[in-house]
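Source file: my_file-v3.txt (compact mmCIF, C-alpha atoms and all ligand atoms)
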# COMPACT_ATOMS: atom_id res chain seq x y z
CA MET A 293 -25.25 4.63 -2.45
CA LYS A 294 -21.64 5.71 -2.99
CA ILE A 295 -18.77 3.22 -2.86
CA ARG A 296 -16.66 3.64 0.25
CA LEU A 297 -13.08 3.91 -1.07
CA ALA A 298 -9.82 3.93 0.90
CA THR A 299 -6.18 4.20 -0.12
CA VAL A 300 -3.37 3.21 2.22
CA TRP A 301 0.35 3.94 2.26
CA LEU A 302 2.49 1.23 3.88
CA GLY A 303 6.19 0.76 3.04
CA GLY A 304 6.39 2.65 -0.25
CA CYS A 305 7.70 5.91 -1.66
CA ALA A 306 4.26 7.49 -2.32
CA GLY A 307 4.91 7.21 -6.06
CA CYS A 308 1.85 5.00 -6.50
CA HIS A 309 -0.30 7.65 -4.86
CA MET A 310 1.29 10.26 -7.13
CA SER A 311 0.22 8.13 -10.08
CA PHE A 312 -3.29 7.95 -8.58
CA LEU A 313 -3.37 11.75 -8.50
CA ASP A 314 -2.39 11.70 -12.20
CA LEU A 315 -5.91 10.41 -12.91
CA ASP A 316 -6.67 14.07 -13.69
CA GLU A 317 -10.27 14.61 -14.76
CA PHE A 318 -11.23 11.02 -13.82
CA LEU A 319 -10.75 12.19 -10.22
CA ILE A 320 -13.85 14.34 -10.70
CA GLU A 321 -15.88 11.35 -11.92
CA LEU A 322 -14.47 9.34 -9.04
CA ALA A 323 -15.44 11.99 -6.51
CA GLU A 324 -19.05 11.66 -7.69
CA ALA A 325 -19.01 7.85 -7.42
CA VAL A 326 -17.17 7.29 -4.13
CA ASP A 327 -16.75 8.52 -0.61
CA LEU A 328 -13.02 8.67 0.10
CA VAL A 329 -13.17 7.47 3.71
CA TYR A 330 -9.45 6.99 4.42
CA SER A 331 -6.30 8.03 2.56
CA PRO A 332 -3.01 9.91 2.96
CA VAL A 333 -4.76 12.74 1.11
CA VAL A 334 -7.61 13.12 3.64
CA ASP A 335 -7.41 13.90 7.34
CA VAL A 336 -8.88 10.73 8.87
CA LYS A 337 -6.85 9.12 11.63
CA ASP A 338 -8.52 5.70 12.08
CA TYR A 339 -9.32 3.18 9.37
CA PRO A 340 -13.14 2.99 9.33
CA GLU A 341 -15.57 0.05 9.25
CA ASN A 342 -17.42 -1.11 6.12
CA VAL A 343 -14.98 -0.06 3.42
CA ASP A 344 -15.88 -1.37 -0.05
CA LEU A 345 -12.55 -0.98 -1.86
CA CYS A 346 -9.02 -0.27 -0.65
CA LEU A 347 -5.86 0.31 -2.70
CA ILE A 348 -2.77 -0.59 -0.67
CA GLU A 349 0.54 0.97 -1.68
CA GLY A 350 3.77 -0.39 -0.26
CA ALA A 351 5.15 -3.53 1.32
CA VAL A 352 4.72 -4.74 4.89
CA CYS A 353 7.90 -3.59 6.63
CA ASN A 354 7.17 -3.09 10.32
CA GLU A 355 4.74 -3.95 13.09
CA ASP A 356 2.67 -0.81 12.51
CA ASN A 357 2.17 -1.84 8.86
CA LEU A 358 1.11 -5.32 9.93
CA GLU A 359 -1.30 -4.11 12.60
CA ILE A 360 -3.16 -1.73 10.31
CA LEU A 361 -3.14 -4.28 7.49
CA HIS A 362 -5.06 -6.79 9.63
CA LYS A 363 -7.52 -4.06 10.58
CA ILE A 364 -7.92 -3.12 6.91
CA ARG A 365 -8.57 -6.73 5.89
CA ALA A 366 -11.20 -7.16 8.60
CA ARG A 367 -13.02 -3.98 7.59
CA THR A 368 -12.77 -4.09 3.77
CA LYS A 369 -14.60 -6.09 1.09
CA THR A 370 -12.04 -5.80 -1.72
CA LEU A 371 -8.30 -5.23 -1.40
CA VAL A 372 -6.00 -4.27 -4.27
CA ALA A 373 -2.22 -4.70 -3.95
CA PHE A 374 -1.39 -1.37 -5.57
CA GLY A 375 2.04 -1.21 -7.23
CA ASP A 376 5.13 -3.43 -7.21
CA CYS A 377 6.06 -2.85 -3.56
CA ALA A 378 2.66 -4.17 -2.48
CA VAL A 379 2.69 -6.96 -5.10
CA THR A 380 6.26 -8.28 -4.70
CA GLY A 381 8.04 -6.33 -1.95
CA ASN A 382 10.10 -4.53 -4.62
CA VAL A 383 12.34 -1.72 -3.32
CA PRO A 384 11.76 -2.05 0.45
CA ALA A 385 12.37 -5.81 0.19
CA MET A 386 15.96 -5.13 -0.90
CA ARG A 387 16.79 -5.05 2.78
CA ASN A 388 15.90 -8.75 3.04
CA GLN A 389 19.37 -9.54 1.69
CA PHE A 390 20.90 -8.30 4.95
CA GLY A 391 20.46 -11.87 6.24
CA ILE A 392 19.61 -13.20 9.68
CA ASP A 393 19.04 -10.60 12.38
CA ASN A 394 17.82 -8.54 9.45
CA ALA A 395 16.03 -5.85 11.43
CA GLU A 396 19.01 -5.28 13.72
CA ASN A 397 21.41 -5.23 10.76
CA VAL A 398 19.28 -2.66 8.93
CA LEU A 399 19.10 -0.39 11.97
CA GLN A 400 22.86 -0.68 12.45
CA ARG A 401 23.49 0.17 8.83
CA ALA A 402 21.08 3.12 8.80
CA TYR A 403 21.74 4.69 12.18
CA ILE A 404 25.32 3.70 13.02
CA GLU A 405 27.40 2.90 9.95
CA SER A 406 25.80 5.58 7.74
CA ALA A 407 25.56 8.28 10.40
CA GLN A 408 27.82 11.31 10.07
CA ASN A 409 26.82 12.76 13.44
CA HIS A 410 25.53 11.25 16.69
CA PRO A 411 25.27 7.59 15.64
CA ALA A 412 22.58 5.89 17.74
CA VAL A 413 19.72 3.51 17.07
CA PRO A 414 16.46 5.09 18.29
CA LYS A 415 14.81 2.69 20.72
CA GLY A 416 11.69 2.73 22.81
CA ASP A 417 10.56 6.21 21.81
CA GLY A 418 8.11 5.24 19.06
CA ILE A 419 9.99 7.13 16.34
CA VAL A 420 10.89 3.95 14.46
CA PRO A 421 8.24 1.21 14.63
CA PRO A 422 9.75 -2.23 15.30
CA LEU A 423 10.90 -3.67 11.96
CA LEU A 424 9.77 -7.10 10.79
CA GLU A 425 12.61 -9.54 10.20
CA ARG A 426 11.69 -9.66 6.52
CA VAL A 427 9.78 -7.25 4.30
CA ARG A 428 6.73 -9.00 2.82
CA PRO A 429 4.38 -8.33 -0.06
CA VAL A 430 0.83 -7.69 1.09
CA HIS A 431 -0.63 -11.02 -0.07
CA GLU A 432 1.81 -12.96 2.16
CA MET A 433 0.11 -11.43 5.20
CA VAL A 434 -3.58 -11.12 4.22
CA TYR A 435 -5.79 -12.28 1.37
CA VAL A 436 -5.78 -9.87 -1.58
CA GLU A 437 -8.46 -9.86 -4.27
CA TYR A 438 -6.58 -8.03 -7.06
CA PHE A 439 -3.01 -7.14 -8.01
CA LEU A 440 -2.03 -4.01 -9.93
CA PRO A 441 1.72 -4.22 -10.72
CA GLY A 442 3.89 -1.36 -11.93
CA CYS A 443 6.40 0.98 -10.32
CA PRO A 444 4.23 2.90 -10.25
CA PRO A 445 1.19 1.58 -12.15
CA SER A 446 0.27 4.08 -14.84
CA ALA A 447 -2.72 6.33 -14.28
CA SER A 448 -4.50 4.70 -17.23
CA ARG A 449 -4.19 1.24 -15.67
CA ILE A 450 -5.35 2.54 -12.29
CA LYS A 451 -8.33 4.14 -14.01
CA SER A 452 -9.16 0.95 -15.87
CA LEU A 453 -9.04 -1.19 -12.71
CA VAL A 454 -10.98 1.24 -10.53
CA ALA A 455 -13.61 1.94 -13.20
CA GLN A 456 -14.27 -1.78 -13.68
CA LEU A 457 -14.47 -2.45 -9.96
CA LEU A 458 -16.86 0.46 -9.49
CA SER A 459 -19.06 -0.88 -12.28
CA GLY A 460 -19.30 -4.24 -10.50
CA HIS A 461 -17.17 -6.22 -12.96
CA ALA A 462 -14.32 -8.53 -11.97
CA PRO A 463 -11.26 -7.17 -13.80
CA LYS A 464 -8.27 -9.17 -14.92
CA LEU A 465 -4.85 -8.03 -16.05
CA GLU A 466 -4.19 -8.32 -19.77
CA GLY A 467 -1.51 -6.30 -21.52
CA GLU A 468 -1.25 -2.58 -21.05
CA GLN A 469 -4.90 -2.13 -20.21
CA LEU A 470 -7.14 -4.19 -17.99
CA LYS A 471 -9.99 -6.01 -19.65
CA PHE A 472 -13.24 -7.37 -18.37
CA GLY A 473 -13.04 -10.98 -17.16
FE1 LIG B 1 7.26 3.74 -5.08
FE2 LIG B 1 7.40 2.00 -7.11
FE3 LIG B 1 6.97 1.13 -4.64
FE4 LIG B 1 5.04 2.48 -5.92
S1 LIG B 1 5.85 0.48 -6.51
S2 LIG B 1 5.69 2.76 -3.78
S3 LIG B 1 6.29 3.95 -7.12
S4 LIG B 1 8.84 2.16 -5.38
Starting from the file, give its structure as structure tokens.
Amino acid sequence: MKIRLATVWLGGCAGCHMSFLDLDEFLIELAEAVDLVYSPVVDVKDYPENVDLCLIEGAVCNEDNLEILHKIRARTKTLVAFGDCAVTGNVPAMRNQFGIDNAENVLQRAYIESAQNHPAVPKGDGIVPPLLERVRPVHEMVYVEYFLPGCPPSASRIKSLVAQLLSGHAPKLEGEQLKFG
């Protein structure tokens, strides 16, 4: 039976998914070994049940991120924090330095102070999901089985991790490449 694979894009720039697409011909091998059941690159709206492996790009920045992350954890056997934003918070966590009332300060900075025309914070219309007071790495919100750092992780490291997980081995990070544990 094929592995049920998902990839998720939370608070990130999509660069980690671009690196995933750089897997080139390994994508063909992957397509034979997995069913891609949820991803920004497929048109599936709801995260499904019984997912074997999920790569999560991006940090947890807002309530929408947090809600889907809990759903993902409940429905997935193995989670990978995919890239530095997921592993440490990285770029999106730079806003944490805006101090107390962080979410309000960020909205003020983005929509009022930086606006050239029509400064106004969008509220109550669903355009901007409510921001969390602090941006968090994924493992601070849910249990994560594996971490794949890099901004973005190189395609070769993604390939090494995914290939080992698909073969049923527990990978561990060592140097440029991942080795069997
Ligand atoms: Fe983008 Fe780097 Fe974050 Fe990946 S880790 S989402 S490449 S900023």
Rank A:Thr380, A:Glu359, A:Ser452, A:Leu399 by their smallest atom-to-atom distance to Ala412 (chain A), using only C-alpha atoms, and report the top residue only.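 Among the listed residues, the smallest separation from Ala412 (chain A) belongs to A:Leu399.
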Give me the chain A side of the contact with ligand LIG 1 (chain B), cut-off 9 Å, one line per residue showing its nearest atom pair and distance in Å at one decimal, counting all atoms listed in the file, sorted by chain and residue number, as a tab-separated table.
residue	atom	partner	partner_atom	distance
A:Trp301	CA	B:LIG1	S2	8.1
A:Leu302	CA	B:LIG1	S2	8.4
A:Gly303	CA	B:LIG1	S2	7.1
A:Gly304	CA	B:LIG1	S2	3.6
A:Cys305	CA	B:LIG1	FE1	4.1
A:Ala306	CA	B:LIG1	S2	5.2
A:Gly307	CA	B:LIG1	S3	3.7
A:Cys308	CA	B:LIG1	FE4	4.1
A:His309	CA	B:LIG1	FE4	7.5
A:Met310	CA	B:LIG1	S3	8.1
A:Ser311	CA	B:LIG1	S3	7.9
A:Glu349	CA	B:LIG1	S2	5.8
A:Gly350	CA	B:LIG1	S2	5.1
A:Ala351	CA	B:LIG1	FE3	7.8
A:Phe374	CA	B:LIG1	FE4	7.5
A:Gly375	CA	B:LIG1	S1	4.2
A:Asp376	CA	B:LIG1	S1	4.0
A:Cys377	CA	B:LIG1	FE3	4.2
A:Ala378	CA	B:LIG1	S1	6.9
A:Val379	CA	B:LIG1	S1	8.2
A:Thr380	CA	B:LIG1	S1	9.0
A:Gly381	CA	B:LIG1	FE3	8.0
A:Asn382	CA	B:LIG1	FE3	6.5
A:Val383	CA	B:LIG1	S4	5.6
A:Pro384	CA	B:LIG1	FE3	7.7
A:Pro441	CA	B:LIG1	S1	7.5
A:Gly442	CA	B:LIG1	S1	6.1
A:Cys443	CA	B:LIG1	FE2	3.5
A:Pro444	CA	B:LIG1	S3	3.9
A:Pro445	CA	B:LIG1	FE4	7.4
Applying 9 Å and all atoms listed in the file, which residues near Lys363 (chain A) remain after dropping the ones on its own chain fewer than 5 positions away? List them as a VMD selection string. chain A and resid 339 358 368
Could you list, as a PyMOL selection string, every residue within 8 Å of Leu458 (chain A), counting only C-alpha atoms and ignoring same-chain residues fewer than 3 positions away? chain A and resi 295+325+454-455+461
If we count all atoms listed in the file, what is near Asn388 (chain A) at a cut-off of 8 Å, once residues fewer than 4 positions away on the same chain are taken out, given as a ChimeraX atom specification? /A:394,425-427
Between CA of Ala395 (chain A) and CA of Val372 (chain A) - distance in Å to one decimal: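 These two atoms are separated by 27.1 Å.
Shortest separation to Pro332 (chain A) among A:Lys451, A:Val300, A:Ala366, A:Glu432 occurs at residue A:Val300, atoms counted being all atoms listed in the file.
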If you count all atoms listed in the file, which residues fall within 7 Å of Leu424 (chain A), apart from same-chain ones fewer than 4 positions away, as a list in words? Cys353, Asn354, Glu355 and Ala395 of chain A
Resulting file, chosen residues, C-alpha atoms, as an mmCIF file, in the frame of the given file:
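The resulting file, selection-v6.cif, is reproduced below:
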data_model
loop_
_atom_site.group_PDB
_atom_site.id
_atom_site.type_symbol
_atom_site.label_atom_id
_atom_site.label_comp_id
_atom_site.auth_asym_id
_atom_site.auth_seq_id
_atom_site.Cartn_x
_atom_site.Cartn_y
_atom_site.Cartn_z
ATOM 1 C CA CYS A 353 7.900 -3.590 6.630
ATOM 2 C CA ASN A 354 7.170 -3.090 10.320
ATOM 3 C CA GLU A 355 4.740 -3.950 13.090
ATOM 4 C CA ALA A 395 16.030 -5.850 11.430
#
Counting only C-alpha atoms, which residue out of A:Leu345, A:Glu321, A:His410, A:Val352 sits closest to Met433 (chain A)? A:Val352
Quick one: pull the distance between CA of Glu437 (chain A) and CA of Leu315 (chain A), Å, one decimal.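 Between CA of Glu437 (chain A) and CA of Leu315 (chain A) the gap is 22.2 Å.
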So how far away is CA of Ser459 (chain A) from CA of Glu324 (chain A), in Å?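 Computed distance, CA of Glu324 (chain A) to CA of Ser459 (chain A), equals 13.4 Å.
Distances from A:Val413, A:Val333, A:Gly460, A:Leu423 to Arg401 (chain A) were compared using all atoms listed in the file, and the smallest one belongs to A:Val413.
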Will you model N, CA, C and O atoms for region 380-405 of chain A and pass it back as a compact mmCIF listing (two decimals), in the coordinates of the input?
# COMPACT_ATOMS: atom_id res chain seq x y z
N THR A 380 5.09 -7.38 -4.81
CA THR A 380 6.26 -8.28 -4.70
C THR A 380 7.21 -7.95 -3.54
O THR A 380 8.12 -8.71 -3.27
N GLY A 381 7.05 -6.82 -2.92
CA GLY A 381 8.04 -6.33 -1.95
C GLY A 381 8.96 -5.29 -2.57
O GLY A 381 9.35 -4.33 -1.92
N ASN A 382 9.39 -5.53 -3.80
CA ASN A 382 10.10 -4.53 -4.62
C ASN A 382 11.21 -3.80 -3.86
O ASN A 382 12.06 -4.43 -3.23
N VAL A 383 11.22 -2.50 -3.89
CA VAL A 383 12.34 -1.72 -3.32
C VAL A 383 12.53 -1.96 -1.82
O VAL A 383 13.65 -2.26 -1.38
N PRO A 384 11.51 -1.85 -0.99
CA PRO A 384 11.76 -2.05 0.45
C PRO A 384 12.27 -3.45 0.77
O PRO A 384 13.00 -3.63 1.75
N ALA A 385 11.92 -4.44 -0.08
CA ALA A 385 12.37 -5.81 0.19
C ALA A 385 13.85 -6.01 -0.12
O ALA A 385 14.41 -7.07 0.19
N MET A 386 14.51 -5.01 -0.69
CA MET A 386 15.96 -5.13 -0.90
C MET A 386 16.69 -5.35 0.42
O MET A 386 17.77 -5.91 0.45
N ARG A 387 16.10 -4.86 1.50
CA ARG A 387 16.79 -5.05 2.78
C ARG A 387 16.76 -6.51 3.25
O ARG A 387 17.52 -6.86 4.16
N ASN A 388 15.95 -7.34 2.63
CA ASN A 388 15.90 -8.75 3.04
C ASN A 388 17.25 -9.45 2.85
O ASN A 388 17.54 -10.44 3.49
N GLN A 389 18.08 -8.90 1.94
CA GLN A 389 19.37 -9.54 1.69
C GLN A 389 20.36 -9.32 2.83
O GLN A 389 21.46 -9.88 2.82
N PHE A 390 19.99 -8.52 3.83
CA PHE A 390 20.90 -8.30 4.95
C PHE A 390 20.96 -9.50 5.90
O PHE A 390 21.64 -9.44 6.92
N GLY A 391 20.26 -10.58 5.56
CA GLY A 391 20.46 -11.87 6.24
C GLY A 391 19.77 -11.99 7.57
O GLY A 391 18.83 -11.26 7.88
N ILE A 392 20.24 -12.99 8.37
CA ILE A 392 19.61 -13.20 9.68
C ILE A 392 19.88 -12.00 10.57
O ILE A 392 20.83 -11.25 10.35
N ASP A 393 19.02 -11.82 11.56
CA ASP A 393 19.04 -10.60 12.38
C ASP A 393 18.87 -9.39 11.46
O ASP A 393 19.52 -8.35 11.63
N ASN A 394 17.99 -9.56 10.48
CA ASN A 394 17.82 -8.54 9.45
C ASN A 394 17.48 -7.18 10.02
O ASN A 394 18.09 -6.17 9.68
N ALA A 395 16.48 -7.14 10.91
CA ALA A 395 16.03 -5.85 11.43
C ALA A 395 17.18 -5.14 12.15
O ALA A 395 17.41 -3.94 11.95
N GLU A 396 17.90 -5.88 12.98
CA GLU A 396 19.01 -5.28 13.72
C GLU A 396 20.10 -4.80 12.75
O GLU A 396 20.66 -3.71 12.91
N ASN A 397 20.39 -5.62 11.74
CA ASN A 397 21.41 -5.23 10.76
C ASN A 397 21.03 -3.96 10.01
O ASN A 397 21.88 -3.10 9.74
N VAL A 398 19.73 -3.84 9.67
CA VAL A 398 19.28 -2.66 8.93
C VAL A 398 19.40 -1.42 9.80
O VAL A 398 19.85 -0.36 9.35
N LEU A 399 19.00 -1.55 11.07
CA LEU A 399 19.10 -0.39 11.97
C LEU A 399 20.56 0.01 12.17
O LEU A 399 20.88 1.21 12.18
N GLN A 400 21.44 -0.98 12.30
CA GLN A 400 22.86 -0.68 12.45
C GLN A 400 23.39 0.06 11.24
O GLN A 400 24.12 1.05 11.35
N ARG A 401 23.01 -0.44 10.07
CA ARG A 401 23.49 0.17 8.83
C ARG A 401 22.98 1.60 8.69
O ARG A 401 23.73 2.51 8.32
N ALA A 402 21.69 1.81 9.00
CA ALA A 402 21.08 3.12 8.80
C ALA A 402 21.52 4.14 9.84
O ALA A 402 21.80 5.30 9.50
N TYR A 403 21.57 3.72 11.10
CA TYR A 403 21.74 4.69 12.18
C TYR A 403 23.15 4.74 12.76
O TYR A 403 23.48 5.68 13.47
N ILE A 404 23.96 3.70 12.48
CA ILE A 404 25.32 3.70 13.02
C ILE A 404 26.35 3.87 11.91
O ILE A 404 27.07 4.86 11.84
N GLU A 405 26.35 2.88 10.98
CA GLU A 405 27.40 2.90 9.95
C GLU A 405 27.24 4.09 9.00
O GLU A 405 28.23 4.63 8.51
